[in-house]
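Participant: File run_9.pdb below, PDB, C-alpha atoms, pLDDT in the B column:
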```
MODEL        1
ATOM      1  CA  MET A   1       5.284  25.136 -35.440  1.00 42.00           C
ATOM      2  CA  GLY A   2       5.080  24.371 -39.161  1.00 47.00           C
ATOM      3  CA  ASP A   3       2.232  25.059 -41.522  1.00 64.00           C
ATOM      4  CA  LYS A   4      -1.210  24.122 -40.353  1.00 83.00           C
ATOM      5  CA  MET A   5      -2.393  20.788 -41.672  1.00 92.00           C
ATOM      6  CA  LYS A   6      -5.825  20.375 -43.162  1.00 96.00           C
ATOM      7  CA  PHE A   7      -8.070  17.360 -43.656  1.00 98.00           C
ATOM      8  CA  SER A   8      -7.344  17.460 -47.383  1.00 98.00           C
ATOM      9  CA  ASP A   9      -3.617  17.090 -46.599  1.00 97.00           C
ATOM     10  CA  PHE A  10      -3.969  13.733 -44.866  1.00 98.00           C
ATOM     11  CA  ILE A  11      -7.449  12.252 -45.337  1.00 98.00           C
ATOM     12  CA  CYS A  12      -7.554   9.750 -48.192  1.00 98.00           C
ATOM     13  CA  PHE A  13     -10.898  10.602 -49.798  1.00 98.00           C
ATOM     14  CA  ASP A  14     -10.785   7.360 -51.810  1.00 98.00           C
ATOM     15  CA  ALA A  15     -10.813   5.356 -48.595  1.00 98.00           C
ATOM     16  CA  LEU A  16     -13.842   6.851 -46.812  1.00 98.00           C
ATOM     17  CA  VAL A  17     -16.324   4.292 -45.459  1.00 98.00           C
ATOM     18  CA  PRO A  18     -19.746   5.947 -45.031  1.00 98.00           C
ATOM     19  CA  VAL A  19     -21.390   2.744 -43.831  1.00 97.00           C
ATOM     20  CA  MET A  20     -19.117   0.447 -41.876  1.00 96.00           C
ATOM     21  CA  SER A  21     -20.271  -3.138 -41.878  1.00 90.00           C
ATOM     22  CA  GLY A  22     -18.432  -4.386 -38.823  1.00 77.00           C
ATOM     23  CA  PRO A  23     -20.337  -4.804 -35.582  1.00 85.00           C
ATOM     24  CA  ASP A  24     -17.445  -4.104 -33.225  1.00 95.00           C
ATOM     25  CA  ARG A  25     -14.307  -2.073 -32.645  1.00 97.00           C
ATOM     26  CA  ASP A  26     -11.782  -4.516 -34.073  1.00 97.00           C
ATOM     27  CA  SER A  27     -13.724  -5.139 -37.271  1.00 97.00           C
ATOM     28  CA  ALA A  28     -14.243  -1.384 -37.733  1.00 98.00           C
ATOM     29  CA  ILE A  29     -10.495  -0.818 -37.390  1.00 98.00           C
ATOM     30  CA  GLY A  30      -9.847  -3.704 -39.787  1.00 98.00           C
ATOM     31  CA  GLU A  31     -12.256  -2.287 -42.342  1.00 98.00           C
ATOM     32  CA  LEU A  32     -10.712   1.196 -42.251  1.00 98.00           C
ATOM     33  CA  VAL A  33      -7.118  -0.048 -42.489  1.00 98.00           C
ATOM     34  CA  ARG A  34      -8.140  -2.318 -45.395  1.00 98.00           C
ATOM     35  CA  SER A  35      -9.760   0.641 -47.094  1.00 98.00           C
ATOM     36  CA  LEU A  36      -6.533   2.679 -46.842  1.00 98.00           C
ATOM     37  CA  ASP A  37      -4.644  -0.359 -48.107  1.00 98.00           C
ATOM     38  CA  ASN A  38      -6.992  -0.777 -51.078  1.00 97.00           C
ATOM     39  CA  ALA A  39      -6.415   2.885 -51.898  1.00 97.00           C
ATOM     40  CA  GLY A  40      -2.697   2.094 -52.084  1.00 97.00           C
ATOM     41  CA  LYS A  41      -1.670   4.174 -49.070  1.00 97.00           C
ATOM     42  CA  LEU A  42       0.069   1.581 -46.916  1.00 96.00           C
ATOM     43  CA  GLY A  43       2.701  -0.012 -49.139  1.00 93.00           C
ATOM     44  CA  ARG A  44       2.777  -3.735 -49.783  1.00 92.00           C
ATOM     45  CA  GLY A  45       1.946  -6.377 -47.234  1.00 93.00           C
ATOM     46  CA  ASN A  46       1.427  -4.074 -44.241  1.00 96.00           C
ATOM     47  CA  CYS A  47      -2.343  -4.259 -43.876  1.00 97.00           C
ATOM     48  CA  LYS A  48      -2.495  -6.965 -41.224  1.00 96.00           C
ATOM     49  CA  LYS A  49       0.488  -5.648 -39.273  1.00 96.00           C
ATOM     50  CA  ILE A  50      -0.991  -2.168 -39.129  1.00 97.00           C
ATOM     51  CA  THR A  51      -4.434  -3.480 -38.169  1.00 98.00           C
ATOM     52  CA  ASP A  52      -2.896  -5.470 -35.309  1.00 97.00           C
ATOM     53  CA  ALA A  53      -0.845  -2.468 -34.186  1.00 97.00           C
ATOM     54  CA  VAL A  54      -3.875  -0.144 -34.115  1.00 98.00           C
ATOM     55  CA  ILE A  55      -5.909  -2.698 -32.158  1.00 98.00           C
ATOM     56  CA  SER A  56      -3.115  -3.266 -29.684  1.00 97.00           C
ATOM     57  CA  ARG A  57      -2.724   0.508 -29.192  1.00 96.00           C
ATOM     58  CA  GLU A  58      -6.474   0.721 -28.640  1.00 96.00           C
ATOM     59  CA  ARG A  59      -6.280  -1.985 -25.968  1.00 96.00           C
ATOM     60  CA  GLU A  60      -3.758   0.071 -23.990  1.00 93.00           C
ATOM     61  CA  ALA A  61      -6.107   3.043 -23.787  1.00 93.00           C
ATOM     62  CA  SER A  62      -9.254   3.757 -25.730  1.00 95.00           C
ATOM     63  CA  THR A  63      -9.154   6.577 -28.261  1.00 96.00           C
ATOM     64  CA  GLY A  64     -12.914   6.896 -27.849  1.00 96.00           C
ATOM     65  CA  MET A  65     -12.793  10.428 -26.502  1.00 93.00           C
ATOM     66  CA  GLY A  66     -16.483  10.694 -25.760  1.00 94.00           C
ATOM     67  CA  LYS A  67     -19.346  12.342 -27.636  1.00 96.00           C
ATOM     68  CA  GLY A  68     -19.587   9.533 -30.189  1.00 97.00           C
ATOM     69  CA  VAL A  69     -16.145   9.882 -31.773  1.00 97.00           C
ATOM     70  CA  ALA A  70     -12.992   7.776 -31.729  1.00 97.00           C
ATOM     71  CA  VAL A  71      -9.578   8.432 -33.250  1.00 98.00           C
ATOM     72  CA  PRO A  72      -7.671   5.133 -33.374  1.00 98.00           C
ATOM     73  CA  HIS A  73      -4.104   5.635 -34.567  1.00 97.00           C
ATOM     74  CA  VAL A  74      -0.655   4.173 -34.761  1.00 97.00           C
ATOM     75  CA  LYS A  75       2.825   5.182 -35.881  1.00 95.00           C
ATOM     76  CA  HIS A  76       4.236   2.894 -38.546  1.00 95.00           C
ATOM     77  CA  LYS A  77       7.213   2.956 -40.869  1.00 93.00           C
ATOM     78  CA  ALA A  78       5.023   1.925 -43.825  1.00 92.00           C
ATOM     79  CA  VAL A  79       3.989   5.560 -44.322  1.00 95.00           C
ATOM     80  CA  LYS A  80       6.064   8.698 -44.901  1.00 93.00           C
ATOM     81  CA  ASP A  81       3.196  11.087 -44.318  1.00 94.00           C
ATOM     82  CA  VAL A  82       0.141  10.936 -42.095  1.00 97.00           C
ATOM     83  CA  VAL A  83      -2.672   9.087 -43.868  1.00 98.00           C
ATOM     84  CA  ALA A  84      -6.157   8.847 -42.464  1.00 98.00           C
ATOM     85  CA  THR A  85      -9.698   7.901 -43.311  1.00 98.00           C
ATOM     86  CA  VAL A  86     -13.154   8.225 -41.808  1.00 98.00           C
ATOM     87  CA  GLY A  87     -15.741   5.527 -41.139  1.00 98.00           C
ATOM     88  CA  LEU A  88     -19.305   5.946 -39.922  1.00 98.00           C
ATOM     89  CA  CYS A  89     -21.591   3.488 -38.194  1.00 97.00           C
ATOM     90  CA  GLY A  90     -25.191   4.526 -37.566  1.00 95.00           C
ATOM     91  CA  ALA A  91     -25.793   1.703 -35.115  1.00 95.00           C
ATOM     92  CA  GLY A  92     -22.877   2.752 -32.918  1.00 96.00           C
ATOM     93  CA  ILE A  93     -19.821   0.741 -31.925  1.00 96.00           C
ATOM     94  CA  ASP A  94     -18.586  -0.089 -28.453  1.00 96.00           C
ATOM     95  CA  PHE A  95     -15.124   1.508 -28.323  1.00 96.00           C
ATOM     96  CA  SER A  96     -14.835   1.400 -24.533  1.00 96.00           C
ATOM     97  CA  ALA A  97     -15.097   5.173 -24.840  1.00 96.00           C
ATOM     98  CA  LEU A  98     -14.293   7.483 -21.926  1.00 93.00           C
ATOM     99  CA  ASP A  99     -17.962   8.378 -21.530  1.00 95.00           C
ATOM    100  CA  LYS A 100     -18.985   4.717 -22.044  1.00 96.00           C
ATOM    101  CA  GLN A 101     -21.257   5.758 -24.928  1.00 97.00           C
ATOM    102  CA  PRO A 102     -21.260   4.186 -28.423  1.00 97.00           C
ATOM    103  CA  VAL A 103     -19.065   5.622 -31.164  1.00 97.00           C
ATOM    104  CA  TYR A 104     -20.642   6.694 -34.473  1.00 97.00           C
ATOM    105  CA  SER A 105     -17.722   8.396 -36.219  1.00 98.00           C
ATOM    106  CA  VAL A 106     -14.232   6.945 -36.436  1.00 98.00           C
ATOM    107  CA  ILE A 107     -11.168   8.763 -37.783  1.00 98.00           C
ATOM    108  CA  LEU A 108      -8.299   6.321 -38.235  1.00 98.00           C
ATOM    109  CA  LEU A 109      -4.744   7.649 -38.636  1.00 98.00           C
ATOM    110  CA  VAL A 110      -1.506   5.995 -39.597  1.00 98.00           C
ATOM    111  CA  SER A 111       1.413   8.331 -38.881  1.00 97.00           C
ATOM    112  CA  PRO A 112       5.058   7.966 -39.865  1.00 96.00           C
ATOM    113  CA  ALA A 113       7.354   6.506 -37.214  1.00 93.00           C
ATOM    114  CA  ASP A 114       9.934   9.284 -37.296  1.00 91.00           C
ATOM    115  CA  TYR A 115       7.978  12.540 -37.485  1.00 92.00           C
ATOM    116  CA  PRO A 116       6.019  12.976 -34.256  1.00 93.00           C
ATOM    117  CA  ASP A 117       5.309  16.627 -35.100  1.00 94.00           C
ATOM    118  CA  LYS A 118       3.329  15.698 -38.217  1.00 94.00           C
ATOM    119  CA  HIS A 119       1.143  13.395 -36.159  1.00 96.00           C
ATOM    120  CA  LEU A 120       0.493  16.197 -33.670  1.00 95.00           C
ATOM    121  CA  GLN A 121      -0.393  18.679 -36.396  1.00 95.00           C
ATOM    122  CA  ALA A 122      -2.920  16.268 -37.892  1.00 96.00           C
ATOM    123  CA  MET A 123      -4.417  15.665 -34.440  1.00 95.00           C
ATOM    124  CA  GLU A 124      -4.603  19.404 -33.840  1.00 94.00           C
ATOM    125  CA  HIS A 125      -6.757  19.870 -36.918  1.00 95.00           C
ATOM    126  CA  ILE A 126      -8.926  16.842 -36.177  1.00 97.00           C
ATOM    127  CA  PHE A 127      -9.711  17.960 -32.645  1.00 95.00           C
ATOM    128  CA  GLN A 128     -10.260  21.584 -33.568  1.00 94.00           C
ATOM    129  CA  HIS A 129     -13.289  20.307 -35.423  1.00 96.00           C
ATOM    130  CA  LEU A 130     -14.263  17.232 -33.411  1.00 96.00           C
ATOM    131  CA  GLN A 131     -14.714  19.314 -30.299  1.00 93.00           C
ATOM    132  CA  GLN A 132     -17.402  21.340 -32.061  1.00 94.00           C
ATOM    133  CA  GLU A 133     -20.863  19.899 -31.710  1.00 96.00           C
ATOM    134  CA  LYS A 134     -21.970  21.117 -35.130  1.00 97.00           C
ATOM    135  CA  PHE A 135     -19.141  19.287 -36.862  1.00 98.00           C
ATOM    136  CA  ARG A 136     -19.766  16.049 -34.947  1.00 97.00           C
ATOM    137  CA  LYS A 137     -23.457  16.198 -35.804  1.00 97.00           C
ATOM    138  CA  PHE A 138     -22.884  16.882 -39.515  1.00 98.00           C
ATOM    139  CA  LEU A 139     -20.283  14.122 -39.735  1.00 98.00           C
ATOM    140  CA  ARG A 140     -22.566  11.603 -38.108  1.00 97.00           C
ATOM    141  CA  GLN A 141     -25.350  12.521 -40.556  1.00 97.00           C
ATOM    142  CA  CYS A 142     -23.262  11.894 -43.694  1.00 98.00           C
ATOM    143  CA  GLN A 143     -24.517   8.980 -45.763  1.00 97.00           C
ATOM    144  CA  THR A 144     -22.124   8.898 -48.693  1.00 98.00           C
ATOM    145  CA  ALA A 145     -18.391   9.282 -49.200  1.00 98.00           C
ATOM    146  CA  GLY A 146     -19.141  12.417 -51.229  1.00 98.00           C
ATOM    147  CA  GLN A 147     -20.948  14.001 -48.299  1.00 98.00           C
ATOM    148  CA  ILE A 148     -18.065  13.219 -45.938  1.00 98.00           C
ATOM    149  CA  GLU A 149     -15.558  14.696 -48.386  1.00 98.00           C
ATOM    150  CA  ASP A 150     -17.668  17.851 -48.832  1.00 98.00           C
ATOM    151  CA  LEU A 151     -17.948  18.304 -45.063  1.00 98.00           C
ATOM    152  CA  LEU A 152     -14.211  17.849 -44.487  1.00 98.00           C
ATOM    153  CA  ARG A 153     -13.308  20.249 -47.300  1.00 98.00           C
ATOM    154  CA  GLU A 154     -15.783  22.780 -45.934  1.00 97.00           C
ATOM    155  CA  ALA A 155     -14.268  22.402 -42.468  1.00 97.00           C
ATOM    156  CA  ASP A 156     -10.825  23.094 -43.984  1.00 97.00           C
ATOM    157  CA  GLU A 157     -12.118  26.458 -45.166  1.00 96.00           C
ATOM    158  CA  ASN A 158     -14.142  27.270 -42.077  1.00 94.00           C
ATOM    159  CA  PRO A 159     -12.414  26.953 -38.683  1.00 89.00           C
ATOM    160  CA  SER A 160     -15.691  27.488 -36.829  1.00 90.00           C
ATOM    161  CA  LEU A 161     -17.293  24.360 -38.344  1.00 92.00           C
TER     162      LEU A 161
ATOM    163  CA  MET B   1     -11.651  35.773   0.286  1.00 69.00           C
ATOM    164  CA  GLU B   2      -9.855  35.990  -3.010  1.00 79.00           C
ATOM    165  CA  THR B   3      -9.570  32.895  -5.151  1.00 83.00           C
ATOM    166  CA  PRO B   4      -5.946  31.806  -5.478  1.00 89.00           C
ATOM    167  CA  VAL B   5      -4.613  32.012  -9.020  1.00 94.00           C
ATOM    168  CA  CYS B   6      -1.428  30.207 -10.034  1.00 95.00           C
ATOM    169  CA  GLU B   7       0.339  30.655 -13.323  1.00 95.00           C
ATOM    170  CA  THR B   8       3.401  28.921 -14.634  1.00 96.00           C
ATOM    171  CA  GLU B   9       5.114  27.998 -17.851  1.00 97.00           C
ATOM    172  CA  VAL B  10       6.234  24.466 -18.651  1.00 98.00           C
ATOM    173  CA  GLU B  11       8.206  23.116 -21.575  1.00 98.00           C
ATOM    174  CA  ILE B  12       7.353  19.896 -23.392  1.00 98.00           C
ATOM    175  CA  LYS B  13      10.512  17.772 -23.190  1.00 98.00           C
ATOM    176  CA  ASN B  14       9.527  14.306 -24.390  1.00 97.00           C
ATOM    177  CA  ALA B  15      10.365  13.603 -28.039  1.00 96.00           C
ATOM    178  CA  ASP B  16       6.851  12.759 -29.189  1.00 96.00           C
ATOM    179  CA  GLY B  17       5.247  15.840 -27.665  1.00 96.00           C
ATOM    180  CA  LEU B  18       1.774  16.129 -26.225  1.00 96.00           C
ATOM    181  CA  HIS B  19       0.102  13.321 -28.171  1.00 96.00           C
ATOM    182  CA  MET B  20      -2.987  11.536 -26.943  1.00 95.00           C
ATOM    183  CA  ARG B  21      -1.528   9.446 -24.145  1.00 94.00           C
ATOM    184  CA  PRO B  22       0.338  12.310 -22.460  1.00 97.00           C
ATOM    185  CA  ALA B  23      -2.716  14.514 -22.942  1.00 96.00           C
ATOM    186  CA  MET B  24      -4.794  11.896 -21.133  1.00 96.00           C
ATOM    187  CA  GLN B  25      -2.335  11.775 -18.239  1.00 97.00           C
ATOM    188  CA  PHE B  26      -2.482  15.554 -18.028  1.00 98.00           C
ATOM    189  CA  VAL B  27      -6.282  15.610 -18.006  1.00 97.00           C
ATOM    190  CA  ASP B  28      -6.390  12.766 -15.452  1.00 96.00           C
ATOM    191  CA  ILE B  29      -4.288  14.755 -13.014  1.00 98.00           C
ATOM    192  CA  ALA B  30      -6.162  18.004 -13.684  1.00 98.00           C
ATOM    193  CA  ASN B  31      -9.458  16.303 -12.928  1.00 97.00           C
ATOM    194  CA  ARG B  32      -8.263  15.195  -9.504  1.00 97.00           C
ATOM    195  CA  PHE B  33      -8.320  18.845  -8.451  1.00 97.00           C
ATOM    196  CA  LYS B  34     -11.239  21.175  -7.904  1.00 96.00           C
ATOM    197  CA  CYS B  35      -9.729  24.300  -9.417  1.00 96.00           C
ATOM    198  CA  ALA B  36     -10.246  25.400 -13.012  1.00 97.00           C
ATOM    199  CA  VAL B  37      -7.229  25.105 -15.295  1.00 98.00           C
ATOM    200  CA  THR B  38      -6.526  26.566 -18.717  1.00 98.00           C
ATOM    201  CA  VAL B  39      -3.522  25.760 -20.860  1.00 98.00           C
ATOM    202  CA  SER B  40      -2.281  28.061 -23.577  1.00 97.00           C
ATOM    203  CA  SER B  41       0.230  27.459 -26.346  1.00 93.00           C
ATOM    204  CA  GLY B  42       0.181  31.092 -27.403  1.00 89.00           C
ATOM    205  CA  GLN B  43      -2.126  30.528 -30.345  1.00 84.00           C
ATOM    206  CA  THR B  44      -4.630  28.199 -28.741  1.00 90.00           C
ATOM    207  CA  GLU B  45      -6.168  28.037 -25.306  1.00 94.00           C
ATOM    208  CA  ALA B  46      -7.576  24.793 -23.924  1.00 96.00           C
ATOM    209  CA  ASP B  47      -9.475  23.625 -20.875  1.00 97.00           C
ATOM    210  CA  GLY B  48      -6.901  21.493 -19.060  1.00 98.00           C
ATOM    211  CA  LYS B  49      -9.632  19.104 -17.971  1.00 97.00           C
ATOM    212  CA  SER B  50     -10.896  18.371 -21.500  1.00 95.00           C
ATOM    213  CA  ILE B  51      -9.090  15.686 -23.478  1.00 93.00           C
ATOM    214  CA  MET B  52     -10.505  16.989 -26.769  1.00 92.00           C
ATOM    215  CA  GLN B  53      -9.267  20.494 -26.123  1.00 94.00           C
ATOM    216  CA  MET B  54      -5.890  19.338 -24.863  1.00 95.00           C
ATOM    217  CA  SER B  55      -5.437  17.183 -27.989  1.00 92.00           C
ATOM    218  CA  MET B  56      -5.956  20.338 -29.994  1.00 92.00           C
ATOM    219  CA  LEU B  57      -2.847  22.050 -28.589  1.00 94.00           C
ATOM    220  CA  ALA B  58      -0.525  19.870 -30.699  1.00 89.00           C
ATOM    221  CA  ALA B  59       2.377  20.809 -28.451  1.00 95.00           C
ATOM    222  CA  THR B  60       5.561  19.471 -30.031  1.00 95.00           C
ATOM    223  CA  VAL B  61       8.823  18.955 -28.156  1.00 96.00           C
ATOM    224  CA  GLY B  62      10.224  22.353 -27.160  1.00 96.00           C
ATOM    225  CA  THR B  63       6.785  23.997 -27.010  1.00 96.00           C
ATOM    226  CA  LYS B  64       6.182  26.163 -23.953  1.00 97.00           C
ATOM    227  CA  LEU B  65       2.743  26.005 -22.427  1.00 98.00           C
ATOM    228  CA  LYS B  66       1.243  28.489 -19.984  1.00 98.00           C
ATOM    229  CA  ILE B  67      -0.785  26.820 -17.273  1.00 98.00           C
ATOM    230  CA  LYS B  68      -3.226  28.935 -15.310  1.00 97.00           C
ATOM    231  CA  ALA B  69      -5.138  27.453 -12.398  1.00 97.00           C
ATOM    232  CA  GLU B  70      -7.815  29.177 -10.360  1.00 96.00           C
ATOM    233  CA  GLY B  71      -9.179  27.793  -7.125  1.00 95.00           C
ATOM    234  CA  ALA B  72      -8.239  26.784  -3.596  1.00 94.00           C
ATOM    235  CA  ASP B  73      -6.006  23.880  -4.692  1.00 95.00           C
ATOM    236  CA  ALA B  74      -4.393  25.751  -7.613  1.00 96.00           C
ATOM    237  CA  PRO B  75      -0.816  25.656  -6.218  1.00 95.00           C
ATOM    238  CA  GLN B  76      -0.906  21.883  -5.732  1.00 96.00           C
ATOM    239  CA  LEU B  77      -2.329  21.341  -9.214  1.00 97.00           C
ATOM    240  CA  VAL B  78       0.326  23.468 -10.868  1.00 97.00           C
ATOM    241  CA  ASP B  79       3.058  21.565  -8.985  1.00 97.00           C
ATOM    242  CA  ALA B  80       1.616  18.203 -10.012  1.00 98.00           C
ATOM    243  CA  LEU B  81       1.342  19.202 -13.669  1.00 98.00           C
ATOM    244  CA  ARG B  82       4.845  20.631 -13.767  1.00 97.00           C
ATOM    245  CA  GLU B  83       6.212  17.388 -12.375  1.00 98.00           C
ATOM    246  CA  LEU B  84       4.320  15.358 -14.990  1.00 98.00           C
ATOM    247  CA  VAL B  85       5.470  17.489 -17.920  1.00 98.00           C
ATOM    248  CA  GLU B  86       9.024  18.495 -16.995  1.00 98.00           C
ATOM    249  CA  VAL B  87      10.250  15.902 -14.505  1.00 97.00           C
ATOM    250  CA  LYS B  88       8.487  12.696 -15.493  1.00 97.00           C
ATOM    251  CA  LEU B  89       8.209  13.651 -19.193  1.00 97.00           C
ATOM    252  CA  PHE B  90       4.926  11.703 -19.164  1.00 97.00           C
ATOM    253  CA  GLY B  91       7.047   8.558 -18.711  1.00 97.00           C
ATOM    254  CA  GLU B  92       8.459   8.981 -22.225  1.00 96.00           C
ATOM    255  CA  PRO B  93      12.001   9.475 -23.560  1.00 96.00           C
ATOM    256  CA  PRO B  94      13.510  12.860 -24.486  1.00 96.00           C
ATOM    257  CA  PRO B  95      14.654  13.409 -28.090  1.00 94.00           C
ATOM    258  CA  GLU B  96      17.747  11.495 -29.217  1.00 88.00           C
ATOM    259  CA  LYS B  97      20.777  13.709 -29.426  1.00 74.00           C
TER     260      LYS B  97
ENDMDL
END
```
Please go through the file and, once you have read it, give me the structure as structure tokens.

Facilitator:
Amino acid sequence: MGDKMKFSDFICFDALVPVMSGPDRDSAIGELVRSLDNAGKLGRGNCKKITDAVISREREASTGMGKGVAVPHVKHKAVKDVVATVGLCGAGIDFSALDKQPVYSVILLVSPADYPDKHLQAMEHIFQHLQQEKFRKFLRQCQTAGQIEDLLREADENPSL
Amino acid sequence: METPVCETEVEIKNADGLHMRPAMQFVDIANRFKCAVTVSSGQTEADGKSIMQMSMLAATVGTKLKIKAEGADAPQLVDALRELVEVKLFGEPPPEK
């Protein structure tokens, strides 16, 4: 196993969306992919393709893992490293989650096509924190991109958060 | 009567490792059984019935996982999980040579 990955290694802090405008799963995914694209993380002309790929992956099996969080993701050759962003929606989004409850916090990942281990290391870090109630609660309460960034950087320093 | 305990070690053999879909298959099978099951990668221990905890193992191809099941149906569970991981490879391809 390589070095541990941290949020600051793969989250694009310029692409955080503290208040997602979309009412449903597909528009939330679209908004987050667009945000990564606007931050220049996805190369040219890949935004729509990646959005469609994430949605189609989501249709196969929901990444709404329960407890108000979802981690939609896809592998795509447009990226050489894992890039991810976070979106929040206070009203809750129907993600067809495992526990059938609405999703309030979405972490969207685009992983390179050829390095499955990098994808796994990013997921390891994400779920180390997402499985902790405190972290889920603090994330859901964030209202600005700055607050999300502070929380993620704090989590990088504190494994028990 | 003593509770049966079964322990085994399995190796991840599909190229993409234990990403979310394989982890879900694992948890689906584990939840069909009554016994408790923990999975350890050496550094991290996870509840084999929790998708969040299983996603945290980040088991790449070649990783060996210890599976420990406790309960009346522990032997059957361990057999089913071994088949999923090492025989069926979660329905995914092994690494290209």

Participant: Return as a CSV table (one decimal) with C-alpha atoms, in the coordinates of the input the set of residues that the PyMOL selection byres ((chain B and resi 70-84) around 6) yields on the displayed structure.

Facilitator:
```csv
chain,number,residue,atom,x,y,z
B,3,THR,CA,-9.6,32.9,-5.2
B,4,PRO,CA,-5.9,31.8,-5.5
B,5,VAL,CA,-4.6,32.0,-9.0
B,6,CYS,CA,-1.4,30.2,-10.0
B,35,CYS,CA,-9.7,24.3,-9.4
B,36,ALA,CA,-10.2,25.4,-13.0
B,69,ALA,CA,-5.1,27.5,-12.4
B,85,VAL,CA,5.5,17.5,-17.9
B,86,GLU,CA,9.0,18.5,-17.0
B,87,VAL,CA,10.2,15.9,-14.5
B,88,LYS,CA,8.5,12.7,-15.5
B,89,LEU,CA,8.2,13.7,-19.2
B,90,PHE,CA,4.9,11.7,-19.2
```

Participant: Could you spell out the hits of the PyMOL selection byres ((chain A) within 6 of (chain B)) on the shown file, as a PyMOL selection string?

Facilitator: chain A and resi 116-117+120-121+124+127-128+131

Participant: Please write the residues picked by the PyMOL selection byres ((chain A and resi 100) around 10) on this file as JSON, numbers by chain.

Facilitator: {"A": [64, 65, 66, 67, 68, 94, 95, 96, 97, 98, 99, 101, 102, 103]}

Participant: Work out how far atom CA of A:Leu109 is from atom CA of A:Val71, in Å to one decimal.

Facilitator: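 A separation of 7.3 Å between them.
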
Participant: Report, in Å to a single decimal, how far apart atom CA of A:Ala84 and atom CA of B:Gly91 are.

Facilitator: 27.2 Å

Participant: Restricting the calculation to all atoms listed in the file, which member of A:Arg44, A:Lys77, A:Arg140, A:His125 is positioned closest to A:Pro18?

Facilitator: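 That would be A:Arg140, the residue with the smallest distance to A:Pro18.
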
Participant: What is the atom CA of B:Ala46-atom CA of A:Ser62 distance in Å, reported with one decimal?

Facilitator: 21.2 Å

Participant: Ranking A:Ala91, A:Val106, A:Ala78, A:Met5 by minimum distance to A:Asp26 and counting only C-alpha atoms, which one comes first?

Facilitator: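 Between A:Ala91, A:Val106, A:Ala78, A:Met5, the residue approaching A:Asp26 most closely is A:Val106.
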
Participant: For A:Ala39, find every residue with an atom within 10 Å (counting only C-alpha atoms), except residues of its own chain fewer than 3 positions away, and show them as a list in words.

Facilitator: Cys12, Phe13, Asp14, Ala15, Leu16, Val33, Arg34, Ser35, Leu36, Leu42 and Gly43 of chain A

Participant: Nearest to A:Lys118 among A:Ala70, A:Val83, A:Cys47, A:Leu161, with distances taken over only C-alpha atoms: which residue is it?

Facilitator: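 Among the listed residues, the smallest separation from A:Lys118 belongs to A:Val83.
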
Participant: For stretch 69-87 of chain B, take all atoms listed in the file, fit an axis-aligned box around them, add 5 Å to each of the six sides, then output centre and edge lengths in Å rounded to one decimal, as JSON.

Facilitator:
```
{"center_x": 0.5, "center_y": 22.3, "center_z": -10.8, "size_x": 29.4, "size_y": 23.8, "size_z": 24.3}
```

Participant: Check the smallest atom-to-atom distance from each of B:Lys64, B:Asn31, B:Gln43, B:Lys97 to B:Lys13 using only C-alpha atoms, then report the winner.

Facilitator: B:Lys64

Participant: Closest to A:Arg57 among A:Gln143, A:Glu31, A:Val110, A:Val17, using all atoms listed in the file?

Facilitator: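 Looking only at the distances to A:Arg57, the closest residue turns out to be A:Val110.
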
Participant: Can you fill out stretch 72-82 of chain B with N, CA and C atoms and hand it back as a compact mmCIF listing (two decimals), keeping the file's coordinate frame?

Facilitator:
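Result file is rebuild20.txt:
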```
# COMPACT_ATOMS: atom_id res chain seq x y z
N ALA B 72 -8.94 26.98 -4.86
CA ALA B 72 -8.24 26.78 -3.60
C ALA B 72 -7.02 25.88 -3.75
N ASP B 73 -7.13 24.82 -4.59
CA ASP B 73 -6.01 23.88 -4.69
C ASP B 73 -5.12 24.16 -5.92
N ALA B 74 -5.17 25.40 -6.42
CA ALA B 74 -4.39 25.75 -7.61
C ALA B 74 -2.88 25.51 -7.45
N PRO B 75 -2.27 25.88 -6.32
CA PRO B 75 -0.82 25.66 -6.22
C PRO B 75 -0.42 24.18 -6.33
N GLN B 76 -1.20 23.32 -5.68
CA GLN B 76 -0.91 21.88 -5.73
C GLN B 76 -1.06 21.34 -7.15
N LEU B 77 -2.10 21.81 -7.84
CA LEU B 77 -2.33 21.34 -9.21
C LEU B 77 -1.16 21.74 -10.11
N VAL B 78 -0.76 22.99 -10.01
CA VAL B 78 0.33 23.47 -10.87
C VAL B 78 1.61 22.67 -10.60
N ASP B 79 1.88 22.37 -9.32
CA ASP B 79 3.06 21.56 -8.98
C ASP B 79 2.97 20.18 -9.60
N ALA B 80 1.78 19.57 -9.49
CA ALA B 80 1.62 18.20 -10.01
C ALA B 80 1.78 18.17 -11.53
N LEU B 81 1.24 19.18 -12.21
CA LEU B 81 1.34 19.20 -13.67
C LEU B 81 2.78 19.48 -14.12
N ARG B 82 3.45 20.36 -13.41
CA ARG B 82 4.84 20.63 -13.77
C ARG B 82 5.69 19.36 -13.63
```
